[in-house]
$ cat target04.csv   # CSV, C-alpha atoms
chain,number,residue,atom,x,y,z
A,5,MET,CA,0.0,0.0,0.0
A,6,ASP,CA,1.3,3.4,-1.0
A,7,CYS,CA,0.3,7.0,-1.0
A,8,LYS,CA,-2.0,6.5,-4.0
A,9,ASP,CA,-4.0,3.8,-2.3
A,10,VAL,CA,-4.4,5.9,0.8
A,11,ALA,CA,-5.3,9.0,-1.1
A,12,ALA,CA,-7.9,7.0,-3.0
A,13,PHE,CA,-9.5,5.5,0.0
A,14,ILE,CA,-9.5,8.8,1.9
A,15,THR,CA,-11.3,10.2,-1.1
A,16,LEU,CA,-13.8,7.4,-1.2
A,17,MET,CA,-14.6,7.6,2.5
A,18,HIS,CA,-15.4,11.3,2.3
A,19,ASN,CA,-17.4,11.1,-0.9
A,20,ALA,CA,-19.4,8.3,0.8
A,21,VAL,CA,-20.6,10.6,3.6
A,22,GLY,CA,-21.2,13.6,1.3
A,23,ILE,CA,-18.0,15.6,1.8
A,24,PRO,CA,-16.8,16.0,-1.8
A,25,PHE,CA,-13.1,15.0,-2.1
A,26,GLU,CA,-10.6,14.4,-4.9
A,27,ALA,CA,-7.2,12.8,-5.1
A,28,THR,CA,-4.2,14.4,-6.8
A,29,THR,CA,-0.6,13.6,-7.5
A,30,TRP,CA,2.2,16.1,-7.2
A,31,THR,CA,5.7,16.3,-8.3
A,32,SER,CA,8.5,18.8,-7.9
A,33,SER,CA,9.5,21.2,-10.7
A,34,PRO,CA,12.3,21.2,-11.3
A,35,SER,CA,13.3,17.9,-10.0
A,36,LEU,CA,15.0,18.5,-6.6
A,37,PHE,CA,16.8,15.2,-6.0
A,38,GLN,CA,19.3,13.7,-8.4
A,39,GLY,CA,17.0,14.5,-11.3
A,40,PHE,CA,14.0,12.4,-10.4
A,41,GLY,CA,11.8,14.1,-7.9
A,42,PHE,CA,12.5,15.0,-4.3
A,43,ARG,CA,13.8,13.7,-1.0
A,44,THR,CA,11.3,13.8,1.9
A,45,GLN,CA,11.8,14.9,5.4
A,46,PRO,CA,11.6,11.9,7.8
A,47,ILE,CA,8.0,10.7,7.7
A,48,CYS,CA,6.2,7.8,9.4
A,49,GLY,CA,4.2,5.6,7.1
A,50,ILE,CA,0.6,4.5,7.9
A,51,GLY,CA,0.6,1.4,10.0
A,52,SER,CA,3.6,2.4,12.1
A,53,ASP,CA,3.7,4.0,15.5
A,54,SER,CA,3.9,7.7,14.8
A,55,THR,CA,4.9,8.5,18.4
A,56,MET,CA,8.2,6.6,18.1
A,57,PRO,CA,11.0,8.7,16.4
A,58,TRP,CA,12.7,5.7,14.9
A,59,THR,CA,9.6,5.0,12.7
A,60,TYR,CA,10.4,8.2,10.7
A,61,VAL,CA,12.5,7.6,7.6
A,62,GLN,CA,13.3,9.5,4.5
A,63,PHE,CA,12.1,8.5,1.0
A,64,ASP,CA,13.1,9.6,-2.5
A,65,PHE,CA,9.8,10.2,-4.3
A,66,THR,CA,9.2,10.9,-8.0
A,67,HIS,CA,5.8,12.1,-7.0
A,68,HIS,CA,3.3,12.0,-4.1
A,69,ALA,CA,-0.5,11.5,-4.0
A,70,VAL,CA,-2.7,13.3,-1.5
A,71,ALA,CA,-6.4,14.0,-1.1
A,72,ARG,CA,-8.2,17.3,-0.6
A,73,PRO,CA,-11.8,18.7,-0.5
A,74,VAL,CA,-13.0,19.6,-3.9
A,75,GLY,CA,-12.2,23.3,-4.5
A,76,SER,CA,-9.8,23.5,-1.7
A,77,ASN,CA,-6.0,24.1,-1.7
A,78,ASN,CA,-5.7,22.4,1.7
A,79,ILE,CA,-4.6,18.8,1.6
A,80,VAL,CA,-5.1,15.6,3.6
A,81,ASP,CA,-2.2,13.1,3.5
A,82,GLY,CA,-3.3,10.0,5.3
A,83,SER,CA,-0.4,8.0,4.2
A,84,ALA,CA,2.3,9.4,6.5
A,85,ALA,CA,2.7,11.3,9.8
A,86,GLN,CA,5.0,14.2,10.3
A,87,TRP,CA,6.9,14.7,13.5
A,88,LEU,CA,6.6,18.5,13.6
A,89,HIS,CA,3.7,20.8,12.8
A,90,PHE,CA,4.4,22.8,9.7
A,91,GLN,CA,3.4,26.1,11.2
A,92,THR,CA,4.5,26.0,14.8
A,93,GLY,CA,7.4,23.6,14.7
A,94,THR,CA,6.1,21.8,17.8
A,95,GLY,CA,5.4,18.1,18.1
A,96,TYR,CA,2.6,16.9,15.8
A,97,GLN,CA,3.2,13.2,15.1
A,98,ASN,CA,0.0,12.8,13.0
A,99,PRO,CA,-0.9,12.8,9.3
A,100,PRO,CA,-1.4,16.2,7.8
A,101,VAL,CA,-5.1,17.3,7.8
A,102,LEU,CA,-6.2,20.4,5.8
A,103,TRP,CA,-2.7,21.8,5.6
A,104,PRO,CA,-2.1,24.6,3.1
A,105,LEU,CA,-0.1,23.3,0.1
A,106,ALA,CA,2.8,25.7,0.5
A,107,GLY,CA,3.4,24.8,4.2
A,108,TYR,CA,2.8,21.2,3.6
A,109,TRP,CA,5.5,20.9,1.0
A,110,GLN,CA,8.1,22.9,2.8
A,111,SER,CA,8.2,25.3,5.7
A,112,PRO,CA,11.1,27.1,7.4
A,113,SER,CA,13.3,25.2,9.8
A,114,SER,CA,13.1,22.0,7.9
A,115,ARG,CA,9.4,21.4,8.2
A,116,GLY,CA,7.0,20.0,5.7
A,117,LEU,CA,7.2,17.0,3.4
A,118,VAL,CA,10.2,18.0,1.2
A,119,GLU,CA,13.7,18.2,2.4
A,120,LEU,CA,15.3,19.9,-0.5
A,121,PRO,CA,15.9,22.7,-1.4
A,122,SER,CA,16.7,24.2,2.0
A,123,PRO,CA,14.9,27.4,2.8
A,124,SER,CA,18.0,29.4,1.8
A,125,SER,CA,18.4,27.7,-1.5
A,126,ALA,CA,18.2,29.8,-4.6
A,127,VAL,CA,16.7,26.9,-6.6
A,128,PRO,CA,13.2,27.8,-7.7
A,129,PHE,CA,10.8,25.5,-5.9
A,130,ASN,CA,7.3,24.5,-7.1
A,131,MET,CA,5.0,21.5,-7.0
A,132,ASN,CA,3.0,20.7,-10.1
A,133,MET,CA,-0.2,18.8,-9.9
A,134,SER,CA,-1.0,15.9,-12.3
A,135,ASN,CA,-4.3,14.1,-12.8
A,136,PHE,CA,-5.2,11.2,-10.5
A,137,THR,CA,-8.7,9.9,-11.0
A,138,VAL,CA,-10.2,7.6,-8.4
A,139,ARG,CA,-12.4,5.1,-10.1
B,16,MET,CA,-28.8,-8.1,18.6
B,17,LYS,CA,-30.2,-5.0,20.1
B,18,ALA,CA,-32.7,-4.6,17.2
B,19,THR,CA,-33.6,-8.3,17.2
B,20,GLY,CA,-34.3,-8.3,20.9
B,21,LEU,CA,-36.6,-5.3,20.5
B,22,PHE,CA,-38.4,-6.9,17.6
B,23,ILE,CA,-39.1,-10.0,19.6
B,24,PHE,CA,-40.3,-8.0,22.6
B,25,LEU,CA,-42.7,-6.0,20.4
B,26,ALA,CA,-44.0,-9.1,18.7
B,27,VAL,CA,-44.9,-10.6,22.0
B,28,THR,CA,-46.5,-7.5,23.5
B,29,GLY,CA,-48.3,-6.5,20.4
B,30,ALA,CA,-51.3,-8.6,21.3
B,31,ALA,CA,-52.0,-6.2,24.1
B,32,PHE,CA,-52.9,-3.5,21.5
B,33,GLY,CA,-55.9,-5.3,20.1
B,34,GLN,CA,-56.7,-5.3,16.4
B,35,GLN,CA,-53.7,-3.8,14.6
B,36,PRO,CA,-52.2,-4.3,11.2
B,37,THR,CA,-48.9,-6.1,10.7
B,38,VAL,CA,-46.4,-5.0,8.2
B,39,GLY,CA,-45.5,-6.8,4.9
B,40,SER,CA,-42.9,-4.5,3.6
B,41,ILE,CA,-41.3,-1.1,3.9
B,42,ASP,CA,-39.8,1.0,1.2
B,43,LEU,CA,-37.5,3.9,2.0
B,44,ALA,CA,-37.1,7.0,-0.2
B,45,GLY,CA,-36.8,10.7,-0.2
B,46,PRO,CA,-34.0,13.3,-0.8
B,47,GLY,CA,-32.3,12.3,2.5
B,48,HIS,CA,-32.3,8.6,1.8
B,49,HIS,CA,-29.5,7.0,-0.3
B,50,ARG,CA,-29.4,3.4,-1.5
B,51,CYS,CA,-26.1,1.6,-0.9
B,52,ARG,CA,-24.0,-1.0,-2.7
B,53,ASP,CA,-22.6,-4.1,-1.2
B,54,ASN,CA,-18.9,-4.8,-1.2
B,55,GLN,CA,-19.0,-6.4,-4.7
B,56,GLY,CA,-20.7,-3.3,-6.1
B,57,GLY,CA,-24.2,-4.7,-6.3
B,58,LEU,CA,-27.0,-2.2,-5.6
B,59,LEU,CA,-28.8,-3.1,-2.4
B,60,PRO,CA,-32.7,-2.9,-2.4
B,61,ALA,CA,-34.6,-0.1,-0.8
B,62,THR,CA,-37.5,-2.3,0.1
B,63,GLU,CA,-37.4,-4.4,3.2
B,64,PHE,CA,-39.7,-7.4,3.3
B,65,ILE,CA,-40.7,-8.4,6.8
B,66,ALA,CA,-42.1,-11.7,5.7
B,67,PRO,CA,-41.9,-13.7,2.5
B,68,VAL,CA,-43.9,-11.7,-0.1
B,69,GLY,CA,-44.5,-13.2,-3.5
B,70,PRO,CA,-41.3,-14.5,-4.9
B,71,PHE,CA,-39.2,-12.7,-2.3
B,72,LEU,CA,-37.9,-14.1,0.9
B,73,ALA,CA,-37.6,-11.7,3.8
B,74,GLN,CA,-34.8,-9.3,3.2
B,75,PHE,CA,-33.2,-6.5,5.2
B,76,VAL,CA,-31.7,-3.4,3.8
B,77,SER,CA,-28.8,-1.1,4.6
B,78,SER,CA,-29.3,2.6,3.9
B,79,ALA,CA,-27.4,5.8,4.1
B,80,VAL,CA,-29.4,8.7,5.4
B,81,THR,CA,-28.2,12.4,5.5
B,82,MET,CA,-27.9,13.4,9.1
B,83,GLY,CA,-30.8,15.4,10.4
B,84,SER,CA,-33.1,14.5,7.5
B,85,THR,CA,-36.5,13.1,7.4
B,86,ILE,CA,-37.2,10.2,5.0
B,87,ASN,CA,-40.3,8.7,3.4
B,88,ALA,CA,-41.3,5.2,4.4
B,89,THR,CA,-43.9,3.5,2.1
B,90,ILE,CA,-45.3,0.8,4.3
B,91,THR,CA,-47.6,-2.0,3.2
B,92,TYR,CA,-49.9,-2.9,6.1
B,93,VAL,CA,-51.6,-6.3,6.4
B,94,ASN,CA,-54.8,-6.9,8.4
B,95,PRO,CA,-54.6,-10.4,9.8
B,96,GLY,CA,-57.6,-10.1,12.0
B,97,THR,CA,-61.4,-10.5,11.7
B,98,ILE,CA,-62.5,-6.9,11.9
B,99,PRO,CA,-61.6,-3.8,9.8
B,100,VAL,CA,-58.7,-1.6,10.9
B,101,SER,CA,-59.0,2.1,10.5
B,102,SER,CA,-55.8,3.5,12.0
B,103,THR,CA,-52.4,2.8,13.6
B,104,THR,CA,-49.2,4.6,14.5
B,105,VAL,CA,-45.6,4.4,13.4
B,106,LYS,CA,-42.5,5.9,14.9
B,107,LEU,CA,-38.7,5.8,14.5
B,108,LEU,CA,-36.2,4.6,17.1
B,109,TYR,CA,-32.6,5.3,16.4
B,110,ASP,CA,-30.2,3.3,18.5
B,111,GLY,CA,-33.0,2.8,20.9
B,112,VAL,CA,-34.1,6.5,21.2
B,113,LEU,CA,-37.2,8.0,19.8
B,114,SER,CA,-36.3,10.1,16.8
B,115,GLY,CA,-39.0,12.5,15.6
B,116,PRO,CA,-42.7,12.4,16.5
B,117,VAL,CA,-45.1,9.5,16.6
B,118,ARG,CA,-46.9,9.5,13.3
B,119,SER,CA,-50.6,8.7,13.0
B,120,VAL,CA,-51.7,6.6,10.0
B,121,SER,CA,-55.4,6.5,9.0
B,122,PHE,CA,-56.9,4.0,6.6
B,123,ASN,CA,-59.9,5.4,4.8
B,124,PRO,CA,-61.7,3.2,4.0
B,125,PRO,CA,-60.5,0.8,6.8
B,126,ILE,CA,-58.4,-2.2,5.8
B,127,PRO,CA,-60.8,-5.2,5.6
B,128,PRO,CA,-60.0,-8.5,7.3
B,129,GLY,CA,-57.3,-10.2,5.2
B,130,GLY,CA,-56.7,-7.0,3.2
B,131,THR,CA,-53.6,-4.9,2.6
B,132,ARG,CA,-53.0,-1.1,2.3
B,133,THR,CA,-49.9,0.8,1.3
B,134,VAL,CA,-49.4,4.2,2.9
B,135,THR,CA,-46.4,6.6,2.8
B,136,THR,CA,-45.4,8.2,6.1
B,137,GLN,CA,-42.5,10.5,7.0
B,138,LEU,CA,-40.0,9.2,9.5
B,139,GLY,CA,-37.5,11.2,11.5
B,140,PRO,CA,-35.7,13.5,11.6
B,141,PHE,CA,-32.7,11.3,12.2
B,142,PRO,CA,-30.0,12.5,14.6
B,143,SER,CA,-27.7,15.2,13.3
B,144,ALA,CA,-24.3,13.6,13.4
B,145,ILE,CA,-22.3,11.1,11.4
B,146,ASP,CA,-23.0,7.6,12.8
B,147,ASP,CA,-23.1,3.9,12.2
B,148,GLY,CA,-26.3,2.7,13.8
B,149,THR,CA,-29.5,0.8,13.9
B,150,ALA,CA,-33.0,2.2,13.3
B,151,VAL,CA,-36.2,0.4,14.2
B,152,VAL,CA,-39.5,1.4,12.5
B,153,LEU,CA,-42.1,0.7,15.1
B,154,THR,CA,-45.8,0.1,14.4
B,155,GLU,CA,-48.2,-0.9,17.1
B,156,VAL,CA,-47.3,-4.6,16.7
B,157,THR,CA,-44.2,-4.8,14.6
B,158,GLY,CA,-40.6,-3.6,14.9
B,159,ILE,CA,-38.7,-3.4,11.6
B,160,PRO,CA,-34.9,-3.2,12.0
B,161,LEU,CA,-32.9,-1.2,9.5
B,162,LYS,CA,-29.2,-0.8,9.2
B,163,VAL,CA,-28.5,3.0,8.8
B,164,TYR,CA,-25.4,5.0,8.1
B,165,LEU,CA,-25.9,8.7,8.9
B,166,THR,CA,-23.9,10.8,6.5
B,167,TYR,CA,-22.8,14.4,6.6
B,168,GLY,CA,-24.4,15.2,3.2
B,169,THR,CA,-25.5,13.5,0.0
B,170,PRO,CA,-23.0,10.9,-1.1
B,171,VAL,CA,-21.2,12.0,-4.3
B,172,ALA,CA,-19.1,10.9,-7.3
B,173,GLN,CA,-18.1,7.3,-7.4
B,174,MET,CA,-19.8,6.9,-3.9
B,175,ALA,CA,-23.1,8.4,-5.0
B,176,GLU,CA,-24.5,4.9,-4.1
B,177,PRO,CA,-22.0,4.3,-1.3
B,178,TRP,CA,-20.5,0.9,-0.6
B,179,VAL,CA,-21.3,-0.5,2.8
B,180,GLY,CA,-17.6,-1.5,3.4
B,181,VAL,CA,-16.6,2.2,3.0
B,182,LEU,CA,-19.5,3.4,5.1
B,183,ASP,CA,-18.6,0.9,7.8
B,184,ARG,CA,-15.3,2.6,8.2
B,185,VAL,CA,-15.9,6.3,7.7
B,186,CYS,CA,-19.1,6.3,9.9
B,187,ARG,CA,-17.1,4.6,12.7
B,188,PHE,CA,-14.0,6.9,12.4
B,189,ALA,CA,-16.1,10.1,12.2
B,190,ASN,CA,-18.8,8.9,14.6
B,191,GLY,CA,-20.6,11.8,16.4
B,192,GLN,CA,-19.1,14.5,14.1
B,193,ASN,CA,-21.5,17.1,12.7
B,194,GLN,CA,-19.0,19.7,11.3
B,195,ARG,CA,-17.0,19.2,8.1
B,196,ASP,CA,-13.5,19.9,9.2
B,197,PRO,CA,-13.6,17.9,12.4
B,198,ALA,CA,-15.2,15.0,10.4
B,199,ILE,CA,-12.3,15.2,8.0
B,200,GLN,CA,-9.7,15.0,10.8
B,201,ALA,CA,-11.5,12.2,12.5
B,202,THR,CA,-11.8,10.2,9.3
B,203,THR,CA,-8.1,10.7,8.4
B,204,PHE,CA,-6.8,10.0,11.9
B,205,GLY,CA,-9.2,7.1,12.3
B,206,TYR,CA,-7.9,5.4,9.1
B,207,PHE,CA,-4.2,6.2,9.9
B,208,TYR,CA,-4.5,4.5,13.3
B,209,SER,CA,-6.8,1.7,12.3
B,210,GLN,CA,-4.0,-0.7,11.6
B,211,GLU,CA,-5.9,-1.7,8.5
B,212,ALA,CA,-3.2,-0.3,6.2
B,213,ALA,CA,0.6,-0.7,6.2
B,214,TYR,CA,2.8,1.7,4.2
B,215,SER,CA,5.0,-0.1,1.7
B,216,PRO,CA,6.0,2.4,-0.9
B,217,LEU,CA,8.6,1.4,-3.5
B,218,GLU,CA,10.5,4.5,-2.5
B,219,ILE,CA,9.1,6.4,-5.5
B,220,TYR,CA,5.8,7.7,-4.0

$ encode --input "target04.csv" --output "structure tokens"
Amino acid sequence: MDCKDVAAFITLMHNAVGIPFEATTWTSSPSLFQGFGFRTQPICGIGSDSTMPWTYVQFDFTHHAVARPVGSNNIVDGSAAQWLHFQTGTGYQNPPVLWPLAGYWQSPSSRGLVELPSPSSAVPFNMNMSNFTVR
Amino acid sequence: MKATGLFIFLAVTGAAFGQQPTVGSIDLAGPGHHRCRDNQGGLLPATEFIAPVGPFLAQFVSSAVTMGSTINATITYVNPGTIPVSSTTVKLLYDGVLSGPVRSVSFNPPIPPGGTRTVTTQLGPFPSAIDDGTAVVLTEVTGIPLKVYLTYGTPVAQMAEPWVGVLDRVCRFANGQNQRDPAIQATTFGYFYSQEAAYSPLEIY
């Protein structure tokens, strides 16, 4: 099970109770890690104990799938917990829920999903959405 | 088990009410009622048969109902007695609690002995929170158990006829929520901590 599976099921659950959701995939532009995507901050995958620091590991992603309410720029990422809250930098240890896209991808002080570029990097940083239809 | 016990209790005590109609079937409809699909994608019926009717065996339905809404129940009454029946009552219990007023049902002309009559009555409103529960439609002598999933709004997109396996989970995770954003958080956290899924990415996504 990966982020697409989780984003799809999160979408299905919300649509089933009348909260319109959609799933989308995102990738970095330009590629931020060895030419094929981006390296994540340490994250804890679904199914692991998100209160234990050793469950947080880094991945090299070509892209990442998340869910969001239709018409919203705030995302839900049920596939992985983050140790720190993207805004406050304090302990979070939960999956992001309704986080603004900009803060979700990367925030100051090494918070957010993406490790690179660092906040001081001159490399232009953007995330492009691609289609991901849940059938 | 809770609904079954109530059903038996009412069946036994129903004799104390005198001449009353029994129920042959109940059909649920209305803007707040949503038919469901089983876990193979098959559309579940909206009609519940209490006893074998024609070619059908008794069948029980699962329904999604928008929280706080009132639905239409088209009930076929049967008069098993020896004198005409001119009225009865029907009410809704949700998880054992009366939900909405007791509805009076009049039969004009009265149902003759051995006859049947189909009448549409409103039931509810249902409670105003997401839930995974059991409703019982109570007439004077019959308790009709219904599996009900209370939803935040009208199911949409590929879940316009929601699958019960999906409803089983989301209505448990978001149980008791009646605001959108808290419901989203409860659903996401509920699934993340459910131990139903294990992350195994191929290190590409």

$ atom_distance --input "target04.csv" --atom1 "CA of Ala12 in chain A" --atom2 "CA of Tyr164 in chain B"
20.8 Å

$ atom_distance --input "target04.csv" --atom1 "CA of Arg52 in chain B" --atom2 "CA of Ile14 in chain A"
18.1 Å

$ axis_aligned_box --input "target04.csv" --around "range 150-164 of chain B" --padding-each-side "5 Å" --output "AutoDock Vina command-line options"
--center_x -36.8 --center_y 0.1 --center_z 12.6 --size_x 32.8 --size_y 19.8 --size_z 19.0

$ atom_distance --input "target04.csv" --atom1 "CA of Asp81 in chain A" --atom2 "CA of Leu165 in chain B"
24.7 Å

$ residues_around --input "target04.csv" --residues "Ser84 in chain B" --least-positions-apart "5" --cutoff "10 Å" --atoms "all atoms listed in the file" --output "NGL selection string"
:B and (45-48 or 138-143 or 165-166 or 168)

$ write_last_selection --input "target04.csv" --atoms "C-alpha atoms" --output "short mmCIF file (atom, residue, chain, number, x, y, z; two decimals), keeping the file's coordinate frame"
data_model
loop_
_atom_site.label_atom_id
_atom_site.label_comp_id
_atom_site.auth_asym_id
_atom_site.auth_seq_id
_atom_site.Cartn_x
_atom_site.Cartn_y
_atom_site.Cartn_z
CA GLY B 45 -36.80 10.70 -0.20
CA PRO B 46 -34.00 13.30 -0.80
CA GLY B 47 -32.30 12.30 2.50
CA HIS B 48 -32.30 8.60 1.80
CA LEU B 138 -40.00 9.20 9.50
CA GLY B 139 -37.50 11.20 11.50
CA PRO B 140 -35.70 13.50 11.60
CA PHE B 141 -32.70 11.30 12.20
CA PRO B 142 -30.00 12.50 14.60
CA SER B 143 -27.70 15.20 13.30
CA LEU B 165 -25.90 8.70 8.90
CA THR B 166 -23.90 10.80 6.50
CA GLY B 168 -24.40 15.20 3.20
#

$ closest_residue --input "target04.csv" --among "A:Ser52, A:Val10, A:Asn78, A:Met5" --to "Leu105 in chain A" --atoms "all atoms listed in the file"
A:Asn78

$ interface_residues --input "target04.csv" --of "chain A" --to "chain B" --cutoff "9 Å" --atoms "all atoms listed in the file" --output "compact mmCIF listing (two decimals) with C-alpha atoms, in the coordinates of the input"
# COMPACT_ATOMS: atom_id res chain seq x y z
CA MET A 5 0.00 0.00 0.00
CA ASP A 6 1.30 3.40 -1.00
CA CYS A 7 0.30 7.00 -1.00
CA LYS A 8 -2.00 6.50 -4.00
CA VAL A 10 -4.40 5.90 0.80
CA PHE A 13 -9.50 5.50 0.00
CA ILE A 14 -9.50 8.80 1.90
CA LEU A 16 -13.80 7.40 -1.20
CA MET A 17 -14.60 7.60 2.50
CA HIS A 18 -15.40 11.30 2.30
CA ASN A 19 -17.40 11.10 -0.90
CA ALA A 20 -19.40 8.30 0.80
CA VAL A 21 -20.60 10.60 3.60
CA GLY A 22 -21.20 13.60 1.30
CA ILE A 23 -18.00 15.60 1.80
CA PRO A 24 -16.80 16.00 -1.80
CA PHE A 25 -13.10 15.00 -2.10
CA GLY A 41 11.80 14.10 -7.90
CA CYS A 48 6.20 7.80 9.40
CA GLY A 49 4.20 5.60 7.10
CA ILE A 50 0.60 4.50 7.90
CA GLY A 51 0.60 1.40 10.00
CA SER A 52 3.60 2.40 12.10
CA ASP A 53 3.70 4.00 15.50
CA PHE A 63 12.10 8.50 1.00
CA ASP A 64 13.10 9.60 -2.50
CA PHE A 65 9.80 10.20 -4.30
CA THR A 66 9.20 10.90 -8.00
CA HIS A 67 5.80 12.10 -7.00
CA HIS A 68 3.30 12.00 -4.10
CA ALA A 69 -0.50 11.50 -4.00
CA VAL A 80 -5.10 15.60 3.60
CA ASP A 81 -2.20 13.10 3.50
CA GLY A 82 -3.30 10.00 5.30
CA SER A 83 -0.40 8.00 4.20
CA ALA A 84 2.30 9.40 6.50
CA ALA A 85 2.70 11.30 9.80
CA ASN A 98 0.00 12.80 13.00
CA PRO A 99 -0.90 12.80 9.30
CA PRO A 100 -1.40 16.20 7.80
CA VAL A 101 -5.10 17.30 7.80
CA LEU A 102 -6.20 20.40 5.80
CA VAL A 138 -10.20 7.60 -8.40
CA ARG A 139 -12.40 5.10 -10.10

$ residues_around --input "target04.csv" --residues "Val105 in chain B" --least-positions-apart "4" --cutoff "12 Å" --atoms "all atoms listed in the file" --output "VMD selection string"
chain B and resid 35 to 38 41 88 to 90 92 113 to 121 134 to 139 151 to 159

$ write_last_selection --input "target04.csv" --atoms "C-alpha atoms" --output "CSV table (one decimal), in the frame of the given file"
chain,number,residue,atom,x,y,z
B,35,GLN,CA,-53.7,-3.8,14.6
B,36,PRO,CA,-52.2,-4.3,11.2
B,37,THR,CA,-48.9,-6.1,10.7
B,38,VAL,CA,-46.4,-5.0,8.2
B,41,ILE,CA,-41.3,-1.1,3.9
B,88,ALA,CA,-41.3,5.2,4.4
B,89,THR,CA,-43.9,3.5,2.1
B,90,ILE,CA,-45.3,0.8,4.3
B,92,TYR,CA,-49.9,-2.9,6.1
B,113,LEU,CA,-37.2,8.0,19.8
B,114,SER,CA,-36.3,10.1,16.8
B,115,GLY,CA,-39.0,12.5,15.6
B,116,PRO,CA,-42.7,12.4,16.5
B,117,VAL,CA,-45.1,9.5,16.6
B,118,ARG,CA,-46.9,9.5,13.3
B,119,SER,CA,-50.6,8.7,13.0
B,120,VAL,CA,-51.7,6.6,10.0
B,121,SER,CA,-55.4,6.5,9.0
B,134,VAL,CA,-49.4,4.2,2.9
B,135,THR,CA,-46.4,6.6,2.8
B,136,THR,CA,-45.4,8.2,6.1
B,137,GLN,CA,-42.5,10.5,7.0
B,138,LEU,CA,-40.0,9.2,9.5
B,139,GLY,CA,-37.5,11.2,11.5
B,151,VAL,CA,-36.2,0.4,14.2
B,152,VAL,CA,-39.5,1.4,12.5
B,153,LEU,CA,-42.1,0.7,15.1
B,154,THR,CA,-45.8,0.1,14.4
B,155,GLU,CA,-48.2,-0.9,17.1
B,156,VAL,CA,-47.3,-4.6,16.7
B,157,THR,CA,-44.2,-4.8,14.6
B,158,GLY,CA,-40.6,-3.6,14.9
B,159,ILE,CA,-38.7,-3.4,11.6

$ decode --input "target04.csv" --residues "range 98-110 of chain B" --atoms "N, CA and C atoms" --output "mmCIF file, in the first residue's frame"
data_model
loop_
_atom_site.group_PDB
_atom_site.id
_atom_site.type_symbol
_atom_site.label_atom_id
_atom_site.label_comp_id
_atom_site.auth_asym_id
_atom_site.auth_seq_id
_atom_site.Cartn_x
_atom_site.Cartn_y
_atom_site.Cartn_z
ATOM 1 N N ILE B 98 -61.711 -8.113 12.017
ATOM 2 C CA ILE B 98 -62.480 -6.882 11.922
ATOM 3 C C ILE B 98 -61.658 -5.829 11.179
ATOM 4 N N PRO B 99 -62.307 -4.854 10.515
ATOM 5 C CA PRO B 99 -61.564 -3.828 9.780
ATOM 6 C C PRO B 99 -60.689 -2.988 10.717
ATOM 7 N N VAL B 100 -59.586 -2.474 10.138
ATOM 8 C CA VAL B 100 -58.664 -1.622 10.891
ATOM 9 C C VAL B 100 -58.662 -0.234 10.248
ATOM 10 N N SER B 101 -58.854 0.805 11.066
ATOM 11 C CA SER B 101 -58.974 2.148 10.505
ATOM 12 C C SER B 101 -57.768 3.046 10.803
ATOM 13 N N SER B 102 -56.930 2.653 11.745
ATOM 14 C CA SER B 102 -55.784 3.522 12.044
ATOM 15 C C SER B 102 -54.712 2.741 12.779
ATOM 16 N N THR B 103 -53.513 3.340 12.777
ATOM 17 C CA THR B 103 -52.402 2.796 13.554
ATOM 18 C C THR B 103 -51.408 3.930 13.770
ATOM 19 N N THR B 104 -50.301 3.632 14.367
ATOM 20 C CA THR B 104 -49.244 4.628 14.533
ATOM 21 C C THR B 104 -47.926 4.024 14.087
ATOM 22 N N VAL B 105 -46.987 4.895 13.763
ATOM 23 C CA VAL B 105 -45.649 4.441 13.404
ATOM 24 C C VAL B 105 -44.656 5.472 13.927
ATOM 25 N N LYS B 106 -43.520 4.985 14.408
ATOM 26 C CA LYS B 106 -42.496 5.899 14.916
ATOM 27 C C LYS B 106 -41.118 5.305 14.643
ATOM 28 N N LEU B 107 -40.108 6.155 14.821
ATOM 29 C CA LEU B 107 -38.739 5.756 14.516
ATOM 30 C C LEU B 107 -37.906 5.762 15.789
ATOM 31 N N LEU B 108 -37.256 4.651 16.036
ATOM 32 C CA LEU B 108 -36.237 4.608 17.083
ATOM 33 C C LEU B 108 -34.877 4.558 16.403
ATOM 34 N N TYR B 109 -33.944 5.389 16.878
ATOM 35 C CA TYR B 109 -32.574 5.308 16.362
ATOM 36 C C TYR B 109 -31.657 4.975 17.527
ATOM 37 N N ASP B 110 -30.991 3.857 17.427
ATOM 38 C CA ASP B 110 -30.167 3.346 18.530
ATOM 39 C C ASP B 110 -30.945 3.371 19.848
#
